[in-house]
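Structure data follow from query37.cif (mmCIF, C-alpha atoms):
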data_run
loop_
_atom_site.label_atom_id
_atom_site.label_comp_id
_atom_site.auth_asym_id
_atom_site.auth_seq_id
_atom_site.Cartn_x
_atom_site.Cartn_y
_atom_site.Cartn_z
CA MET A 2 -72.59 -0.65 184.87
CA THR A 3 -73.28 -4.03 186.33
CA PRO A 4 -76.01 -6.26 184.93
CA THR A 5 -77.71 -6.49 188.34
CA SER A 6 -77.61 -2.78 189.22
CA PHE A 7 -81.01 -1.28 188.43
CA ASP A 8 -80.87 1.80 190.68
CA GLY A 9 -82.50 4.61 188.73
CA CYS A 10 -84.08 2.28 186.21
CA GLY A 11 -87.79 1.86 185.60
CA ARG A 12 -89.97 -1.19 185.92
CA ARG A 13 -89.19 -2.62 182.48
CA CYS A 14 -85.48 -2.93 183.28
CA ARG A 15 -86.10 -4.53 186.66
CA LYS A 16 -88.77 -6.90 185.33
CA SER A 17 -86.70 -8.14 182.38
CA LEU A 18 -83.44 -8.11 184.40
CA THR A 19 -81.76 -6.35 181.47
CA HIS A 20 -81.28 -2.68 180.72
CA THR A 21 -83.69 -1.45 178.04
CA LEU A 22 -81.48 1.58 177.30
CA VAL A 23 -84.62 3.65 176.63
CA TYR A 24 -83.97 7.25 177.64
CA GLY A 25 -86.17 8.27 180.55
CA GLU A 26 -86.73 4.68 181.66
CA CYS A 27 -83.23 3.28 182.01
CA GLU A 28 -80.51 4.95 184.06
CA HIS A 29 -77.86 3.73 181.59
CA ALA A 30 -79.55 4.98 178.41
CA PRO A 31 -77.66 7.66 176.47
CA LYS A 32 -79.30 11.07 176.23
CA PRO A 33 -80.68 11.52 172.70
CA GLU A 34 -79.67 14.46 170.54
CA PRO A 35 -82.32 17.21 170.55
CA THR A 36 -84.44 17.42 167.42
CA VAL A 37 -87.01 19.72 165.84
CA SER A 38 -90.20 18.20 164.46
CA MET A 39 -92.23 19.89 161.74
CA PHE A 40 -95.44 18.99 159.95
CA HIS A 41 -95.43 18.07 156.31
CA VAL A 42 -98.28 17.14 153.98
CA TYR A 43 -97.83 14.13 151.74
CA THR A 44 -100.00 12.00 149.46
CA ASP A 45 -101.01 8.88 151.37
CA THR A 46 -101.55 5.39 149.89
CA ASP A 47 -105.25 6.19 149.35
CA GLY A 48 -104.31 9.15 147.15
CA TYR A 49 -105.48 11.78 149.63
CA PRO A 50 -103.31 14.26 151.52
CA SER A 51 -102.16 13.26 154.99
CA ILE A 52 -100.12 15.04 157.64
CA GLY A 53 -96.84 13.60 158.87
CA PHE A 54 -93.79 14.78 160.73
CA ASP A 55 -90.21 15.42 159.73
CA SER A 56 -87.66 15.36 162.54
CA TYR A 57 -84.31 17.13 162.20
CA THR A 58 -81.18 17.29 164.31
CA VAL A 59 -79.20 20.53 164.43
CA GLN A 60 -76.78 19.24 161.79
CA GLN A 61 -79.59 18.11 159.49
CA LEU A 62 -81.21 21.56 159.72
CA ALA A 63 -77.86 23.21 159.03
CA ASP A 64 -77.40 20.98 155.96
CA LEU A 65 -80.85 22.07 154.77
CA ILE A 66 -80.27 25.80 155.35
CA GLU A 67 -76.68 26.18 154.09
CA PRO A 68 -77.44 25.82 150.35
CA ALA A 69 -80.20 28.44 150.69
CA LEU A 70 -77.84 30.91 152.34
CA ARG A 71 -75.31 30.44 149.54
CA ARG A 72 -77.92 31.87 147.13
CA VAL A 73 -77.87 35.25 148.90
CA SER A 74 -75.57 37.79 147.28
CA VAL A 75 -73.98 40.60 149.26
CA ARG A 76 -72.55 43.54 147.35
CA LEU A 77 -69.83 45.49 149.10
CA GLY A 78 -69.45 49.20 148.50
CA PRO A 79 -66.10 50.99 148.25
CA ASN A 80 -66.00 51.78 151.99
CA ALA A 81 -66.51 48.12 152.91
CA LEU A 82 -63.85 47.03 150.42
CA ALA A 83 -61.37 49.51 151.91
CA MET A 84 -62.17 48.23 155.40
CA LEU A 85 -61.54 44.64 154.31
CA GLN A 86 -58.24 45.62 152.72
CA ARG A 87 -57.19 47.10 156.07
CA GLY A 88 -58.15 43.84 157.79
CA GLU A 89 -61.20 45.25 159.55
CA THR A 90 -64.47 43.44 160.02
CA VAL A 91 -67.43 44.40 157.86
CA GLY A 92 -70.97 43.79 159.10
CA LEU A 93 -74.09 43.21 157.06
CA SER A 94 -76.94 45.68 156.83
CA GLY A 95 -80.36 44.97 158.32
CA GLY A 96 -81.77 44.24 154.87
CA GLU A 97 -79.04 41.71 154.17
CA TYR A 98 -79.78 39.89 157.43
CA ALA A 99 -83.47 39.90 156.46
CA ASP A 100 -82.55 38.34 153.10
CA LEU A 101 -80.56 35.63 154.86
CA ALA A 102 -83.43 34.91 157.26
CA ARG A 103 -85.95 34.80 154.40
CA GLU A 104 -83.85 32.31 152.42
CA ALA A 105 -83.41 30.08 155.48
CA ALA A 106 -87.14 30.20 156.24
CA HIS A 107 -87.97 29.42 152.60
CA ALA A 108 -85.64 26.41 152.66
CA ILE A 109 -87.31 25.06 155.80
CA VAL A 110 -90.91 25.67 154.73
CA HIS A 111 -90.35 24.24 151.23
CA ARG A 112 -88.05 21.39 152.31
CA ASN A 113 -90.30 18.74 150.73
CA ASP A 114 -91.07 20.59 147.47
CA PRO A 115 -88.60 19.38 144.82
CA GLU A 116 -89.56 22.23 142.45
CA ALA A 117 -89.34 24.94 145.14
CA THR A 118 -85.73 25.93 144.46
CA ARG A 119 -85.39 29.63 143.73
#
For this file, write the structure as structure tokens.
Amino acid sequence: MTPTSFDGCGRRCRKSLTHTLVYGECEHAPKPEPTVSMFHVYTDTDGYPSIGFDSYTVQQLADLIEPALRRVSVRLGPNALAMLQRGETVGLSGGEYADLAREAAHAIVHRNDPEATR
């Protein structure tokens, strides 16, 4: 990257003669990590509810969901235990996957409720 090379850059870079490094405007800007934005309701400075946004990267969402998934218990029957002893893979039942999904969804929906732990 040379300081005078503005091929692919937008007007702001050319006008200021420096690279802004804003993704989508500057050719030399790094691509940002994808995020997920979700609404949340909070009490504003006037005491009334307001709507804001939380933004999460993949890792931040994983950090939010993992503790919830650890709360799900899976009980193995004698057939599954025998399969594990033989070194075979044991899958979960449909209900167990539903429990995992429900816990993950609960963790996301109640991410801002400190008393919402189950």
Practice problem: List the residues selected by the PyMOL selection byres ((chain A and resi 105) around 9) in the file shown, writing them as a PyMOL selection string. | Solution: chain A and resi 65-70+100-104+106-110
For the residues in the current selection, export C-alpha atoms as a CSV table (one decimal), in the coordinates of the input.
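Listed below is the output, out24.csv:
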chain,number,residue,atom,x,y,z
A,65,LEU,CA,-80.8,22.1,154.8
A,66,ILE,CA,-80.3,25.8,155.4
A,67,GLU,CA,-76.7,26.2,154.1
A,68,PRO,CA,-77.4,25.8,150.4
A,69,ALA,CA,-80.2,28.4,150.7
A,70,LEU,CA,-77.8,30.9,152.3
A,100,ASP,CA,-82.6,38.3,153.1
A,101,LEU,CA,-80.6,35.6,154.9
A,102,ALA,CA,-83.4,34.9,157.3
A,103,ARG,CA,-86.0,34.8,154.4
A,104,GLU,CA,-83.8,32.3,152.4
A,106,ALA,CA,-87.1,30.2,156.2
A,107,HIS,CA,-88.0,29.4,152.6
A,108,ALA,CA,-85.6,26.4,152.7
A,109,ILE,CA,-87.3,25.1,155.8
A,110,VAL,CA,-90.9,25.7,154.7
Exercise. Quick one: apply the PyMOL selection byres ((chain A and resi 17-29) around 12) to the file and drop the selected residues here as a PyMOL selection string.
Key: chain A and resi 2-16+30-34
Exercise. May I ask for the distance between CA of Gly53 (chain A) and CA of Phe40 (chain A), given in Å to one decimal place?
Key: 5.7 Å
Quiz prompt | CA of Asp64 (chain A) to CA of Val42 (chain A), distance in Å rounded to a single decimal | solution =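 About the pair CA of Asp64 (chain A) and CA of Val42 (chain A): they are 21.3 Å apart.
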Practice problem: For the structure provided, state which residues fall under the PyMOL selection byres ((chain A and resi 54) around 8), and present them as an MDAnalysis selection string. | Solution: chainID A and resid 38:41 52:53 55:56
Self-check item: Between CA of Tyr43 (chain A) and CA of Thr58 (chain A) - distance in Å to one decimal
Solution: 21.1 Å
Exercise. Find, counting all atoms listed in the file, the residue in A:Thr44, A:Arg87, A:Leu93, A:Arg112 that gets nearest to Ser74 (chain A).
Key: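 Nearest to Ser74 (chain A): A:Leu93.
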Practice problem: Identify which of the residues A:Gln61, A:Val75, A:Ser51, A:Thr36 lies closest to Gly95 (chain A), counting all atoms listed in the file when measuring atom-to-atom distances. | Solution: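 Of all the options, A:Val75 lies closest to Gly95 (chain A).
Comparing A:Thr46, A:Val37, A:His111, A:Ser94 by their smallest distance to Ala81 (chain A), the closest is A:Ser94 (using only C-alpha atoms).
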